[in-house]
>>> print(open('input39.cif').read())   # mmCIF, C-alpha atoms and all ligand atoms; chains and numbers go by the auth columns
data_work
#
loop_
_atom_site.group_PDB
_atom_site.id
_atom_site.type_symbol
_atom_site.label_atom_id
_atom_site.label_comp_id
_atom_site.label_asym_id
_atom_site.label_seq_id
_atom_site.Cartn_x
_atom_site.Cartn_y
_atom_site.Cartn_z
_atom_site.B_iso_or_equiv
_atom_site.auth_seq_id
_atom_site.auth_asym_id
ATOM 1 C CA MET A 1 177.621 244.148 236.835 0.00 93 K
ATOM 2 C CA SER A 2 174.406 244.872 234.950 0.00 94 K
ATOM 3 C CA VAL A 3 171.003 245.241 236.581 0.00 95 K
ATOM 4 C CA ALA A 4 169.915 242.085 234.801 0.00 96 K
ATOM 5 C CA THR A 5 172.609 240.037 236.556 0.00 97 K
ATOM 6 C CA SER A 6 172.820 241.852 239.919 0.00 98 K
ATOM 7 C CA GLY A 7 170.011 240.020 241.688 0.00 99 K
ATOM 8 C CA PHE A 8 167.783 243.103 241.464 0.00 100 K
ATOM 9 C CA GLU A 9 164.148 242.211 240.912 0.00 101 K
ATOM 10 C CA PRO A 10 161.893 244.693 239.111 0.00 102 K
ATOM 11 C CA ALA A 11 158.486 245.366 240.622 0.00 103 K
ATOM 12 C CA TYR A 12 156.460 243.726 237.860 0.00 104 K
ATOM 13 C CA LEU A 13 157.872 240.243 238.487 0.00 105 K
ATOM 14 C CA ARG A 14 155.939 239.863 241.730 0.00 106 K
ATOM 15 C CA LEU A 15 152.713 240.731 239.916 0.00 107 K
ATOM 16 C CA LEU A 16 153.649 238.352 237.111 0.00 108 K
ATOM 17 C CA ARG A 17 154.044 235.470 239.573 0.00 109 K
ATOM 18 C CA SER A 18 150.762 236.196 241.334 0.00 110 K
ATOM 19 C CA GLY A 19 148.795 236.495 238.091 0.00 111 K
ATOM 20 C CA GLU A 20 147.956 240.113 238.883 0.00 112 K
ATOM 21 C CA LEU A 21 149.893 241.436 235.886 0.00 113 K
ATOM 22 C CA GLU A 22 147.685 239.495 233.492 0.00 114 K
ATOM 23 C CA GLN A 23 144.609 240.883 235.241 0.00 115 K
ATOM 24 C CA ARG A 24 145.988 244.423 234.949 0.00 116 K
ATOM 25 C CA VAL A 25 146.416 243.969 231.199 0.00 117 K
ATOM 26 C CA LYS A 26 142.806 242.842 230.795 0.00 118 K
ATOM 27 C CA LEU A 27 141.537 245.673 232.969 0.00 119 K
ATOM 28 C CA ALA A 28 143.628 248.271 231.136 0.00 120 K
ATOM 29 C CA TRP A 29 142.297 247.060 227.815 0.00 121 K
ATOM 30 C CA ARG A 30 138.755 247.567 229.081 0.00 122 K
ATOM 31 C CA HIS A 31 139.688 251.162 229.946 0.00 123 K
ATOM 32 C CA LEU A 32 140.504 251.705 226.264 0.00 124 K
ATOM 33 C CA GLU A 33 136.809 251.227 225.460 0.00 125 K
ATOM 34 C CA ASP A 34 135.845 254.345 227.441 0.00 126 K
ATOM 35 C CA CYS A 35 139.200 255.962 227.774 0.00 127 K
ATOM 36 C CA ASP A 36 140.141 257.487 231.092 0.00 128 K
ATOM 37 C CA LEU A 37 143.786 256.493 230.834 0.00 129 K
ATOM 38 C CA CYS A 38 145.039 260.042 231.179 0.00 130 K
ATOM 39 C CA ALA A 39 143.728 263.205 232.754 0.00 131 K
ATOM 40 C CA ARG A 40 142.037 264.305 229.512 0.00 132 K
ATOM 41 C CA TYR A 41 139.222 261.809 230.171 0.00 133 K
ATOM 42 C CA CYS A 42 138.129 261.732 226.516 0.00 134 K
ATOM 43 C CA ARG A 43 135.815 258.724 227.104 0.00 135 K
ATOM 44 C CA VAL A 44 136.476 257.511 223.553 0.00 136 K
ATOM 45 C CA ASN A 45 136.373 253.856 222.530 0.00 137 K
ATOM 46 C CA ARG A 46 139.924 253.626 221.229 0.00 138 K
ATOM 47 C CA LEU A 47 139.411 250.065 220.034 0.00 139 K
ATOM 48 C CA GLN A 48 137.089 251.517 217.365 0.00 140 K
ATOM 49 C CA THR A 49 138.207 255.066 216.631 0.00 141 K
ATOM 50 C CA VAL A 50 140.644 257.822 217.423 0.00 142 K
ATOM 51 C CA LYS A 51 138.033 260.487 216.721 0.00 143 K
ATOM 52 C CA GLY A 52 137.699 262.578 219.858 0.00 144 K
ATOM 53 C CA ALA A 53 140.872 261.197 221.397 0.00 145 K
ATOM 54 C CA VAL A 54 143.257 264.048 222.189 0.00 146 K
ATOM 55 C CA CYS A 55 146.201 261.637 221.902 0.00 147 K
ATOM 56 C CA ARG A 56 145.048 260.366 218.458 0.00 148 K
ATOM 57 C CA THR A 57 146.163 256.910 219.487 0.00 149 K
ATOM 58 C CA GLY A 58 143.984 253.866 218.976 0.00 150 K
ATOM 59 C CA GLU A 59 144.490 250.255 219.958 0.00 151 K
ATOM 60 C CA ARG A 60 148.177 250.150 219.072 0.00 152 K
ATOM 61 C CA ALA A 61 150.964 252.298 220.444 0.00 153 K
ATOM 62 C CA VAL A 62 153.020 254.276 217.951 0.00 154 K
ATOM 63 C CA VAL A 63 156.777 254.283 218.517 0.00 155 K
ATOM 64 C CA HIS A 64 159.082 256.880 217.012 0.00 156 K
ATOM 65 C CA ASN A 65 162.344 255.192 217.939 0.00 157 K
ATOM 66 C CA TYR A 66 164.110 253.273 220.657 0.00 158 K
ATOM 67 C CA GLY A 67 167.685 252.726 221.736 0.00 159 K
ATOM 68 C CA PRO A 68 170.301 253.318 224.434 0.00 160 K
ATOM 69 C CA HIS A 69 170.155 256.949 225.526 0.00 161 K
ATOM 70 C CA HIS A 70 173.420 258.347 226.888 0.00 162 K
ATOM 71 C CA GLY A 71 172.102 261.886 227.393 0.00 163 K
ATOM 72 C CA GLU A 72 169.618 260.942 230.086 0.00 164 K
ATOM 73 C CA GLU A 73 170.159 261.946 233.733 0.00 165 K
ATOM 74 C CA GLU A 74 173.272 260.265 235.054 0.00 166 K
ATOM 75 C CA PRO A 75 171.586 257.896 237.548 0.00 167 K
ATOM 76 C CA LEU A 76 169.479 256.532 234.703 0.00 168 K
ATOM 77 C CA ARG A 77 172.049 256.383 231.913 0.00 169 K
ATOM 78 C CA GLY A 78 174.968 254.860 233.866 0.00 170 K
ATOM 79 C CA ARG A 79 177.541 253.376 231.520 0.00 171 K
ATOM 80 C CA GLY A 80 175.282 251.314 229.305 0.00 172 K
ATOM 81 C CA GLY A 81 172.682 253.986 228.655 0.00 173 K
ATOM 82 C CA SER A 82 169.009 254.239 229.493 0.00 174 K
ATOM 83 C CA GLY A 83 166.927 251.951 227.299 0.00 175 K
ATOM 84 C CA THR A 84 164.618 254.598 225.943 0.00 176 K
ATOM 85 C CA ILE A 85 161.415 254.033 223.983 0.00 177 K
ATOM 86 C CA PHE A 86 159.975 257.246 222.518 0.00 178 K
ATOM 87 C CA PHE A 87 156.233 257.039 221.977 0.00 179 K
ATOM 88 C CA SER A 88 154.623 259.116 219.265 0.00 180 K
ATOM 89 C CA TRP A 89 151.606 261.319 219.898 0.00 181 K
ATOM 90 C CA CYS A 90 151.079 262.852 223.317 0.00 182 K
ATOM 91 C CA ASN A 91 148.201 263.766 225.589 0.00 183 K
ATOM 92 C CA LEU A 92 149.622 267.197 226.427 0.00 184 K
ATOM 93 C CA ARG A 93 149.968 268.859 222.989 0.00 185 K
ATOM 94 C CA CYS A 94 152.108 271.693 224.397 0.00 186 K
ATOM 95 C CA VAL A 95 152.479 274.663 222.034 0.00 187 K
ATOM 96 C CA PHE A 96 156.198 274.819 222.859 0.00 188 K
ATOM 97 C CA CYS A 97 156.972 271.144 222.249 0.00 189 K
ATOM 98 C CA GLN A 98 160.457 270.723 220.752 0.00 190 K
ATOM 99 C CA ASN A 99 159.429 267.333 219.309 0.00 191 K
ATOM 100 C CA TRP A 100 156.116 268.393 217.806 0.00 192 K
ATOM 101 C CA GLU A 101 156.521 266.251 214.673 0.00 193 K
ATOM 102 C CA ILE A 102 156.518 263.244 216.963 0.00 194 K
ATOM 103 C CA SER A 103 154.082 264.422 219.621 0.00 195 K
ATOM 104 C CA GLN A 104 151.518 266.175 217.399 0.00 196 K
ATOM 105 C CA LYS A 105 152.027 264.786 213.886 0.00 197 K
ATOM 106 C CA GLY A 106 152.508 261.271 215.166 0.00 198 K
ATOM 107 C CA ILE A 107 155.569 260.373 213.128 0.00 199 K
ATOM 108 C CA GLY A 108 156.377 256.794 213.996 0.00 200 K
ATOM 109 C CA ARG A 109 155.203 253.241 213.495 0.00 201 K
ATOM 110 C CA GLU A 110 152.283 251.359 215.005 0.00 202 K
ATOM 111 C CA VAL A 111 153.422 248.334 216.969 0.00 203 K
ATOM 112 C CA GLU A 112 151.725 245.316 218.466 0.00 204 K
ATOM 113 C CA PRO A 113 152.405 244.596 222.153 0.00 205 K
ATOM 114 C CA SER A 114 154.672 241.702 221.142 0.00 206 K
ATOM 115 C CA GLU A 115 156.838 244.089 219.078 0.00 207 K
ATOM 116 C CA LEU A 116 156.986 246.524 221.956 0.00 208 K
ATOM 117 C CA ALA A 117 158.028 243.644 224.210 0.00 209 K
ATOM 118 C CA GLN A 118 160.796 242.728 221.792 0.00 210 K
ATOM 119 C CA MET A 119 162.077 246.312 221.840 0.00 211 K
ATOM 120 C CA MET A 120 162.390 246.049 225.629 0.00 212 K
ATOM 121 C CA LEU A 121 164.262 242.783 225.322 0.00 213 K
ATOM 122 C CA ASP A 122 166.535 244.235 222.634 0.00 214 K
ATOM 123 C CA LEU A 123 167.416 247.133 224.951 0.00 215 K
ATOM 124 C CA GLN A 124 168.181 244.690 227.746 0.00 216 K
ATOM 125 C CA GLY A 125 170.353 242.707 225.335 0.00 217 K
ATOM 126 C CA GLU A 126 172.260 245.887 224.460 0.00 218 K
ATOM 127 C CA GLY A 127 173.242 246.390 228.097 0.00 219 K
ATOM 128 C CA CYS A 128 170.888 249.227 229.028 0.00 220 K
ATOM 129 C CA HIS A 129 170.208 249.730 232.732 0.00 221 K
ATOM 130 C CA ASN A 130 166.466 250.284 232.523 0.00 222 K
ATOM 131 C CA ILE A 131 163.489 250.589 230.179 0.00 223 K
ATOM 132 C CA ASN A 132 162.738 254.293 229.923 0.00 224 K
ATOM 133 C CA LEU A 133 159.203 254.913 228.637 0.00 225 K
ATOM 134 C CA VAL A 134 159.050 258.455 227.244 0.00 226 K
ATOM 135 C CA SER A 135 155.588 260.070 226.799 0.00 227 K
ATOM 136 C CA PRO A 136 153.844 256.954 228.118 0.00 228 K
ATOM 137 C CA SER A 137 150.636 258.428 229.563 0.00 229 K
ATOM 138 C CA HIS A 138 148.373 257.670 226.595 0.00 230 K
ATOM 139 C CA VAL A 139 149.718 254.139 226.035 0.00 231 K
ATOM 140 C CA VAL A 140 149.519 252.664 229.529 0.00 232 K
ATOM 141 C CA ALA A 141 147.410 249.715 228.371 0.00 233 K
ATOM 142 C CA GLN A 142 149.797 248.873 225.542 0.00 234 K
ATOM 143 C CA ILE A 143 152.806 249.171 227.857 0.00 235 K
ATOM 144 C CA LEU A 144 151.261 246.810 230.400 0.00 236 K
ATOM 145 C CA ALA A 145 150.534 244.264 227.679 0.00 237 K
ATOM 146 C CA ALA A 146 154.104 244.490 226.408 0.00 238 K
ATOM 147 C CA VAL A 147 155.649 244.212 229.871 0.00 239 K
ATOM 148 C CA ALA A 148 153.612 241.074 230.570 0.00 240 K
ATOM 149 C CA ILE A 149 154.970 239.471 227.381 0.00 241 K
ATOM 150 C CA ALA A 150 158.530 240.685 227.898 0.00 242 K
ATOM 151 C CA ALA A 151 158.641 239.551 231.529 0.00 243 K
ATOM 152 C CA LEU A 152 157.686 236.033 230.463 0.00 244 K
ATOM 153 C CA ARG A 153 160.471 236.157 227.871 0.00 245 K
ATOM 154 C CA GLY A 154 163.107 237.247 230.407 0.00 246 K
ATOM 155 C CA LEU A 155 162.889 241.010 230.880 0.00 247 K
ATOM 156 C CA ARG A 156 164.498 241.901 234.215 0.00 248 K
ATOM 157 C CA LEU A 157 165.211 245.641 233.885 0.00 249 K
ATOM 158 C CA PRO A 158 163.438 248.273 236.016 0.00 250 K
ATOM 159 C CA LEU A 159 160.799 250.411 234.309 0.00 251 K
ATOM 160 C CA VAL A 160 161.081 254.198 234.227 0.00 252 K
ATOM 161 C CA TYR A 161 157.794 256.031 233.652 0.00 253 K
ATOM 162 C CA ASN A 162 159.005 259.277 232.049 0.00 254 K
ATOM 163 C CA THR A 163 155.815 261.296 232.040 0.00 255 K
ATOM 164 C CA GLY A 164 154.804 264.886 231.372 0.00 256 K
ATOM 165 C CA GLY A 165 152.616 264.535 234.474 0.00 257 K
ATOM 166 C CA TYR A 166 149.109 264.683 232.978 0.00 258 K
ATOM 167 C CA ASP A 167 148.197 261.198 234.118 0.00 259 K
ATOM 168 C CA SER A 168 144.928 259.903 235.534 0.00 260 K
ATOM 169 C CA LEU A 169 144.577 258.198 238.880 0.00 261 K
ATOM 170 C CA GLU A 170 142.976 255.280 237.032 0.00 262 K
ATOM 171 C CA ALA A 171 146.161 254.788 235.013 0.00 263 K
ATOM 172 C CA LEU A 172 148.433 255.171 238.018 0.00 264 K
ATOM 173 C CA LYS A 173 146.480 252.507 239.876 0.00 265 K
ATOM 174 C CA LEU A 174 146.998 250.164 236.930 0.00 266 K
ATOM 175 C CA LEU A 175 150.727 250.903 237.042 0.00 267 K
ATOM 176 C CA ASP A 176 151.062 250.539 240.804 0.00 268 K
ATOM 177 C CA GLY A 177 153.564 247.779 241.551 0.00 269 K
ATOM 178 C CA VAL A 178 154.596 247.593 237.879 0.00 270 K
ATOM 179 C CA VAL A 179 156.709 250.738 237.468 0.00 271 K
ATOM 180 C CA ASP A 180 159.915 251.068 239.486 0.00 272 K
ATOM 181 C CA ILE A 181 160.792 254.741 238.902 0.00 273 K
ATOM 182 C CA TYR A 182 158.461 257.670 238.199 0.00 274 K
ATOM 183 C CA ASN A 183 160.228 260.523 236.418 0.00 275 K
ATOM 184 C CA ALA A 184 157.649 263.299 236.131 0.00 276 K
ATOM 185 C CA GLY A 185 158.655 266.335 234.073 0.00 277 K
ATOM 186 C CA HIS A 186 155.765 268.725 234.800 0.00 278 K
ATOM 187 C CA GLU A 187 157.216 271.101 232.202 0.00 279 K
ATOM 188 C CA VAL A 188 153.876 272.839 231.680 0.00 280 K
ATOM 189 C CA TRP A 189 153.848 274.289 235.168 0.00 281 K
ATOM 190 C CA ARG A 190 155.792 277.395 234.335 0.00 282 K
ATOM 191 C CA PHE A 191 153.302 278.467 231.658 0.00 283 K
ATOM 192 C CA GLY A 192 150.202 278.170 233.817 0.00 284 K
ATOM 193 C CA ASN A 193 147.922 278.028 230.757 0.00 285 K
ATOM 194 C CA ARG A 194 145.921 275.058 231.978 0.00 286 K
ATOM 195 C CA PRO A 195 145.154 275.264 235.695 0.00 287 K
ATOM 196 C CA SER A 196 143.707 271.745 235.582 0.00 288 K
ATOM 197 C CA VAL A 197 147.096 270.417 234.541 0.00 289 K
ATOM 198 C CA LEU A 198 148.653 271.605 237.759 0.00 290 K
ATOM 199 C CA SER A 199 145.925 270.314 240.025 0.00 291 K
ATOM 200 C CA ARG A 200 145.865 266.885 238.359 0.00 292 K
ATOM 201 C CA ALA A 201 149.632 266.628 238.189 0.00 293 K
ATOM 202 C CA GLU A 202 149.839 267.450 241.887 0.00 294 K
ATOM 203 C CA LEU A 203 147.205 264.830 242.605 0.00 295 K
ATOM 204 C CA CYS A 204 148.951 262.174 240.548 0.00 296 K
ATOM 205 C CA GLY A 205 152.359 263.157 241.918 0.00 297 K
ATOM 206 C CA GLY A 206 150.980 262.339 245.341 0.00 298 K
ATOM 207 C CA GLN A 207 149.736 258.975 244.087 0.00 299 K
ATOM 208 C CA SER A 208 153.037 257.919 242.543 0.00 300 K
ATOM 209 C CA GLY A 209 155.072 259.486 245.307 0.00 301 K
ATOM 210 C CA SER A 210 153.254 257.505 247.956 0.00 302 K
ATOM 211 C CA ARG A 211 154.432 254.275 246.334 0.00 303 K
ATOM 212 C CA GLN A 212 157.917 254.881 245.064 0.00 304 K
ATOM 213 C CA GLY A 213 159.106 258.280 246.260 0.00 305 K
ATOM 214 C CA ASN A 214 159.027 261.315 244.009 0.00 306 K
ATOM 215 C CA ALA A 215 161.824 261.579 241.496 0.00 307 K
ATOM 216 C CA PRO A 216 163.053 265.127 240.910 0.00 308 K
ATOM 217 C CA PRO A 217 161.603 266.859 237.857 0.00 309 K
ATOM 218 C CA GLY A 218 163.561 265.752 234.828 0.00 310 K
ATOM 219 C CA ARG A 219 164.272 266.935 231.341 0.00 311 K
ATOM 220 C CA ARG A 220 162.616 264.985 228.586 0.00 312 K
ATOM 221 C CA PRO A 221 165.330 263.800 226.239 0.00 313 K
ATOM 222 C CA ASP A 222 165.571 264.916 222.659 0.00 314 K
ATOM 223 C CA PRO A 223 165.187 261.784 220.523 0.00 315 K
ATOM 224 C CA GLY A 224 167.292 263.214 217.752 0.00 316 K
HETATM 225 S S1 LIG B . 144.792 258.492 226.777 0.00 401 Y
HETATM 226 FE FE1 LIG B . 144.065 260.500 227.398 0.00 401 Y
HETATM 227 S S2 LIG B . 144.124 261.751 225.520 0.00 401 Y
HETATM 228 FE FE2 LIG B . 144.171 259.593 224.886 0.00 401 Y
HETATM 229 S S3 LIG B . 141.986 259.062 224.547 0.00 401 Y
HETATM 230 FE FE3 LIG B . 142.522 258.454 226.648 0.00 401 Y
HETATM 231 S S4 LIG B . 141.881 260.173 227.915 0.00 401 Y
HETATM 232 FE FE4 LIG B . 142.035 260.932 225.774 0.00 401 Y
#
>>> encode(input="input39.cif", output="structure tokens", more="lines below")
Ligand code: SF4
Amino acid sequence: MSVATSGFEPAYLRLLRSGELEQRVKLAWRHLEDCDLCARYCRVNRLQTVKGAVCRTGERAVVHNYGPHHGEEEPLRGRGGSGTIFFSWCNLRCVFCQNWEISQKGIGREVEPSELAQMMLDLQGEGCHNINLVSPSHVVAQILAAVAIAALRGLRLPLVYNTGGYDSLEALKLLDGVVDIYNAGHEVWRFGNRPSVLSRAELCGGQSGSRQGNAPPGRRPDPG
């Protein structure tokens, strides 16, 4: 039995019914004008420019690829695979990133929220067990917009927020009640080269953990 047919209801459907999801999308889009959507707090108007934005991402999300991922942690991949969407660019810019062409050169394609929504629906149609959003921190607004569209079109899979952990409390509040599973990697901890990363990740881990329970630290999949 797939998640889509098991009677499971993802968190975002309740917000869709109440109208709150639509309000979250509008609010998130306003955050793009003075961006505080991750812990970098660049305060850039991303609707006009990417200059000064650490993530180099403007109004549209950039996607490198998407598809069923069978190398994800077992509880997420199941038999049908985790429906993974790999976002290009990243707010962390780690010097050791194994996917630096994607995270720091931005290889990928700009997509409208409706295209992102269709990717989610395609993954559901392929039998994936969840929508696994990889490197999502800098595209929270675009994800919310896509989820609102996809939910109206029949998306019923749980959302996995597969983050490096450098999120802002503002973004996590926007995601509260939308995301079902937080999978925080925190891979920068061992290097200790940015003390603020640890303090903010701890803070945001507390925020997400208070809602959904903390998932164990997870490996970020190689999109190869
Ligand atoms: S998402 Fe983060 S890195 Fe990107 S512009 Fe906003 S605050 Fe800066």
>>> closest_residue(input="input39.cif", among="K:Thr149, K:Gln115, K:Ser98, K:Asn222", to="Leu267 in chain K", atoms="all atoms listed in the file")
K:Gln115
>>> residues_around(input="input39.cif", residues="Glu204 in chain K", least_positions_apart="5", cutoff="9 Å", atoms="all atoms listed in the file", output="VMD selection string")
chain K and resid 151 to 153 209 234 238
>>> residues_near_ligand(input="input39.cif", ligand="ligand LIG 401 (chain Y)", cutoff="9 Å", atoms="all atoms listed in the file", output="number ranges by chain")
K: 123-124, 126-138, 142-150, 182-184, 229-232, 258-260
>>> resolve_selection(input="input39.cif", expression="the PyMOL selection byres (((chain K and resi 171) around 10) and not hetatm)", output="list of chain:residue names")
K:Ser94, K:His162, K:Glu166, K:Pro167, K:Leu168, K:Arg169, K:Gly170, K:Gly172, K:Gly173, K:Ser174, K:Gly219, K:Cys220, K:His221
>>> atom_distance(input="input39.cif", atom1="CA of Glu101 in chain K", atom2="CA of Ile177 in chain K")
20.8 Å
>>> resolve_selection(input="input39.cif", expression="the PyMOL selection byres (((chain K and resi 116-118) around 9) and not hetatm)", output="count of residues only")
18
>>> atom_distance(input="input39.cif", atom1="CA of Leu107 in chain K", atom2="CA of Ser180 in chain K")
27.7 Å
>>> resolve_selection(input="input39.cif", expression="the PyMOL selection byres (((chain K and resi 196) around 8) and not hetatm)", output="PyMOL selection string")
chain K and resi 180-182+185+192-195+197-198
>>> atom_distance(input="input39.cif", atom1="CA of Ala242 in chain K", atom2="CA of Asn254 in chain K")
19.1 Å
>>> closest_residue(input="input39.cif", among="K:Gly256, K:Gly175, K:Leu213, K:Glu202", to="Cys189 in chain K", atoms="all atoms listed in the file")
K:Gly256
>>> residues_around(input="input39.cif", residues="Met211 in chain K", least_positions_apart="4", cutoff="8 Å", atoms="all atoms listed in the file", output="ChimeraX atom specification")
/K:158,207,215
>>> closest_residue(input="input39.cif", among="K:Val187, K:Leu139, K:Leu105, K:Val271", to="Arg248 in chain K", atoms="all atoms listed in the file")
K:Leu105
>>> axis_aligned_box(input="input39.cif", around="range 207-217 of chain K", padding_each_side="6 Å", output="AutoDock Vina command-line options")
--center_x 163.6 --center_y 244.9 --center_z 223.4 --size_x 25.5 --size_y 16.4 --size_z 20.7
